[in-house]
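Everything on this sheet refers to the single structure shown next.
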Amino acid sequence: MTVLDKLGLGRRDLRAWAIYDLAQAAFQTTIIAAIFPIYFQKVAAAGTPPAVATSRFAWATTWSILIVAVITPFLGAMADYAAIKKKLLAVFTVIGAVSAGLLYFVTRGDWFYALVVFAIGNVGVACAFVFYESLLPHLVGPDQLDIVSAAGYGIGYIGGGTMLAIDMLLMAEPQWFGIPDRGVAVRITFVGVAVWWVLFAIPIFRHVAEPPRRLESDEHAGQNALVTAVKRLVETFHELRLYRQAFMLLLAFLLYNDGIQTIIRMATTYGTEIGIDETAMLAALLVVQFIGIPFAFVFGKFAERIGAKTAVFVGLGVYAVITLLAYFMHNAWQFFALGVMVGMVQGGTQALSRSLFASMIPRHKSSEFFAFFGVFERYAGILGPAIFAWMAAHSGTSRNAILSVLGFFIVGAVLLTFVNVEEGRRAATRNTELGS
């Protein structure tokens with residue numbers, strides 16, 4: 001067995017699938033987590049009180065995620081009926097990449113334009129990820145889901161870290177590249193995201209096959225795709241009762257992932273508001289990316305030994321500690337230390353949540369079920385930032401808002417204790433065989 005086999009990347013199609021995580025990670029890192037939030041605070045929202053700017057950024061995040069949560073179930077059902085997972089992946093890849101490029105035109109005071117384009121890009125990357133994830137159950141069996149899912153996150157960290165390192169070099173030494181100043185260099189990083197995303201998206205379209213269409217007994221190929229999608233969506237919603245464990249996992253994931261997404265999206269705006277040095281924050285986020293690479297793979301192996309569910313509990317415990325420490329954070333080394341802790345658990349916790357869900361759903365309806373997963377994942381990004389925005393706006397500081405995140409980890413972990421993984425996997429196998 002080769003090293004790639006041990007890492008879950010032994011086949012070309014598996015490597016191509018994982019590389020897409022590397023492709024979109026540039027947007028996640030540069031636009032959502034690191035550079036754009038700081039640029040928004042200091043340039044696009046210049047002259048605006050910091051707490052107000054933070055609140056506006058959080059609300060833009062909230063509204064974009066709400067849009068995704070509304071449209072993805074219908075698109076997921078259409079993708080399964082019409083066998084267009086890869087086509088929709090391409091559409092939203094283009095939307096997200098173009099939006100990233102358009103952020104180049106954001107200058108001082110352009111906060112409204114910046115937030116509109118940022119929100120559209122958020123919709124693009126979130127919808128693309130639904131169709132990317134829905135391909136996973138078609139590529140491997142249940143026994144390989146944890147390791148391959150973790151490998152995807154590991155490769156994604158390589159992409160995010162490499163892109164952020166390039167960005168930091170551009171901003172630190174713009175004259176090396178013939179760029180007039182740091183401000184222009186920052187804007188060029190947004191264009192770099194667009195180019196990176198499109199370039200590294202190519203392998204998944206070349207080497208990963210579109211899963212075949214699978215018609216239900218009362219369907220035929222000539223039906224209206226939208227009408228059929230609505231019908232399937234209603235049926236899938238009712239079918240969730242056959243997958244009680246998967247549904248319980250979704251509820252737990254809805255809550256604890258809300259905390260994870262809030263930390264990812266609000267870390268640099270929070271750090272900027274309380275006076276953490278910009279360079280120190282970017283360096284910390286770069287370390288997060290590269291620490292995340294080995295730990296994503298470690299979590300995959302960890303799950304093989306103790307089970308994916310137990311490994312997720314470990315990650316949530318670390319996140320709870322991070323949240324408490326963030327409330328007391330005052331300087332750059334503390335931000336750096338918390339970044340290291342996030343890097344150790346972020347990729348593994350999310351990857352194992354994905355693989356747990358994939359193991360408890362029928363493969364022939366993967367887009368529909370992953371659309372629901374996407375709904376819960378995106379709604380998980382609504383409540384946290386919304387509460388954060390409300391508390392920041394009404395208390396005048398984000399320090400009080402950070403404590404609200406702790407509740408999501410605690411309640412999510414409690415719900416996760418009720419998930420019976422083996423029962424969920426048996427239900428998925430049984431109903432897949434009945435539908436075959």
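Following the order of the structure tokens, first chain is A, next is B, and so on, with residues numbered from 1 inside each chain and ligands from 1 in the order they appear.
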Can you pull out every residue within 9 Å of Phe200 (chain A), counting only C-alpha atoms, but drop anything in the same chain fewer than 3 positions away, and send it as a ChimeraX atom specification?
/A:19-24,195-197,203-204
What's the 12 Å shell around Thr417 (chain A), counting only C-alpha atoms, without same-chain residues fewer than 5 positions away, as a PDB file with N, CA and C atoms, in the first residue's frame?
ATOM      1  N   GLN A 245     -31.196   8.896  12.709  1.00  0.00           N
ATOM      2  CA  GLN A 245     -29.862   9.185  13.238  1.00  0.00           C
ATOM      3  C   GLN A 245     -29.167  10.267  12.407  1.00  0.00           C
ATOM      4  N   MET A 248     -30.743  13.508  13.428  1.00  0.00           N
ATOM      5  CA  MET A 248     -30.250  13.956  14.730  1.00  0.00           C
ATOM      6  C   MET A 248     -28.843  14.538  14.601  1.00  0.00           C
ATOM      7  N   LEU A 249     -28.029  13.904  13.745  1.00  0.00           N
ATOM      8  CA  LEU A 249     -26.698  14.454  13.496  1.00  0.00           C
ATOM      9  C   LEU A 249     -26.800  15.851  12.881  1.00  0.00           C
ATOM     10  N   LEU A 251     -29.132  18.052  13.352  1.00  0.00           N
ATOM     11  CA  LEU A 251     -29.501  19.012  14.398  1.00  0.00           C
ATOM     12  C   LEU A 251     -28.287  19.377  15.254  1.00  0.00           C
ATOM     13  N   ALA A 252     -27.500  18.363  15.618  1.00  0.00           N
ATOM     14  CA  ALA A 252     -26.292  18.639  16.405  1.00  0.00           C
ATOM     15  C   ALA A 252     -25.314  19.484  15.601  1.00  0.00           C
ATOM     16  N   PHE A 253     -25.138  19.108  14.335  1.00  0.00           N
ATOM     17  CA  PHE A 253     -24.227  19.828  13.452  1.00  0.00           C
ATOM     18  C   PHE A 253     -24.672  21.275  13.262  1.00  0.00           C
ATOM     19  N   LYS A 309     -17.406   9.822  15.786  1.00  0.00           N
ATOM     20  CA  LYS A 309     -18.229  10.577  16.730  1.00  0.00           C
ATOM     21  C   LYS A 309     -17.413  11.011  17.941  1.00  0.00           C
ATOM     22  N   THR A 310     -16.625  10.111  18.505  1.00  0.00           N
ATOM     23  CA  THR A 310     -15.790  10.456  19.663  1.00  0.00           C
ATOM     24  C   THR A 310     -14.755  11.513  19.296  1.00  0.00           C
ATOM     25  N   VAL A 312     -15.086  13.824  17.058  1.00  0.00           N
ATOM     26  CA  VAL A 312     -15.781  15.121  16.970  1.00  0.00           C
ATOM     27  C   VAL A 312     -15.961  15.722  18.364  1.00  0.00           C
ATOM     28  N   PHE A 313     -16.291  14.873  19.357  1.00  0.00           N
ATOM     29  CA  PHE A 313     -16.416  15.367  20.740  1.00  0.00           C
ATOM     30  C   PHE A 313     -15.110  16.023  21.209  1.00  0.00           C
ATOM     31  N   ILE A 410     -21.742  23.673  23.359  1.00  0.00           N
ATOM     32  CA  ILE A 410     -22.276  22.864  24.456  1.00  0.00           C
ATOM     33  C   ILE A 410     -23.553  22.142  24.033  1.00  0.00           C
ATOM     34  N   VAL A 411     -24.514  22.881  23.488  1.00  0.00           N
ATOM     35  CA  VAL A 411     -25.795  22.271  23.109  1.00  0.00           C
ATOM     36  C   VAL A 411     -25.601  21.296  21.952  1.00  0.00           C
ATOM     37  N   GLY A 412     -24.736  21.639  20.993  1.00  0.00           N
ATOM     38  CA  GLY A 412     -24.471  20.735  19.878  1.00  0.00           C
ATOM     39  C   GLY A 412     -23.876  19.421  20.348  1.00  0.00           C
TER      40      GLY A 412
END
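Using only C-alpha atoms for every distance, the candidate list A:Lys86, A:Arg244, A:Arg11, A:Arg108 yields A:Lys86 as the residue closest to Arg206 (chain A).
Here the question is which of A:Asp146, A:Glu173, A:Asp80, A:Asp110 gets nearest to Arg354 (chain A) using only C-alpha atoms, and that residue is A:Asp146.
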What is the CA of Gly347 (chain A)-CA of Ile264 (chain A) distance in Å, reported with one decimal?
11.5 Å
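What separates CA of Phe297 (chain A) from CA of Ile166 (chain A) is a distance of 23.9 Å.
The protein and nucleic acid residues lying at most 8 Å from Ile95 (chain A) are Ile120, Gly121 and Gly124 of chain A, with only C-alpha atoms considered and sequence neighbours fewer than 5 positions away removed.
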Record the distance separating CA of Leu338 (chain A) and CA of Ile322 (chain A), expressed in Å with one decimal.
6.2 Å
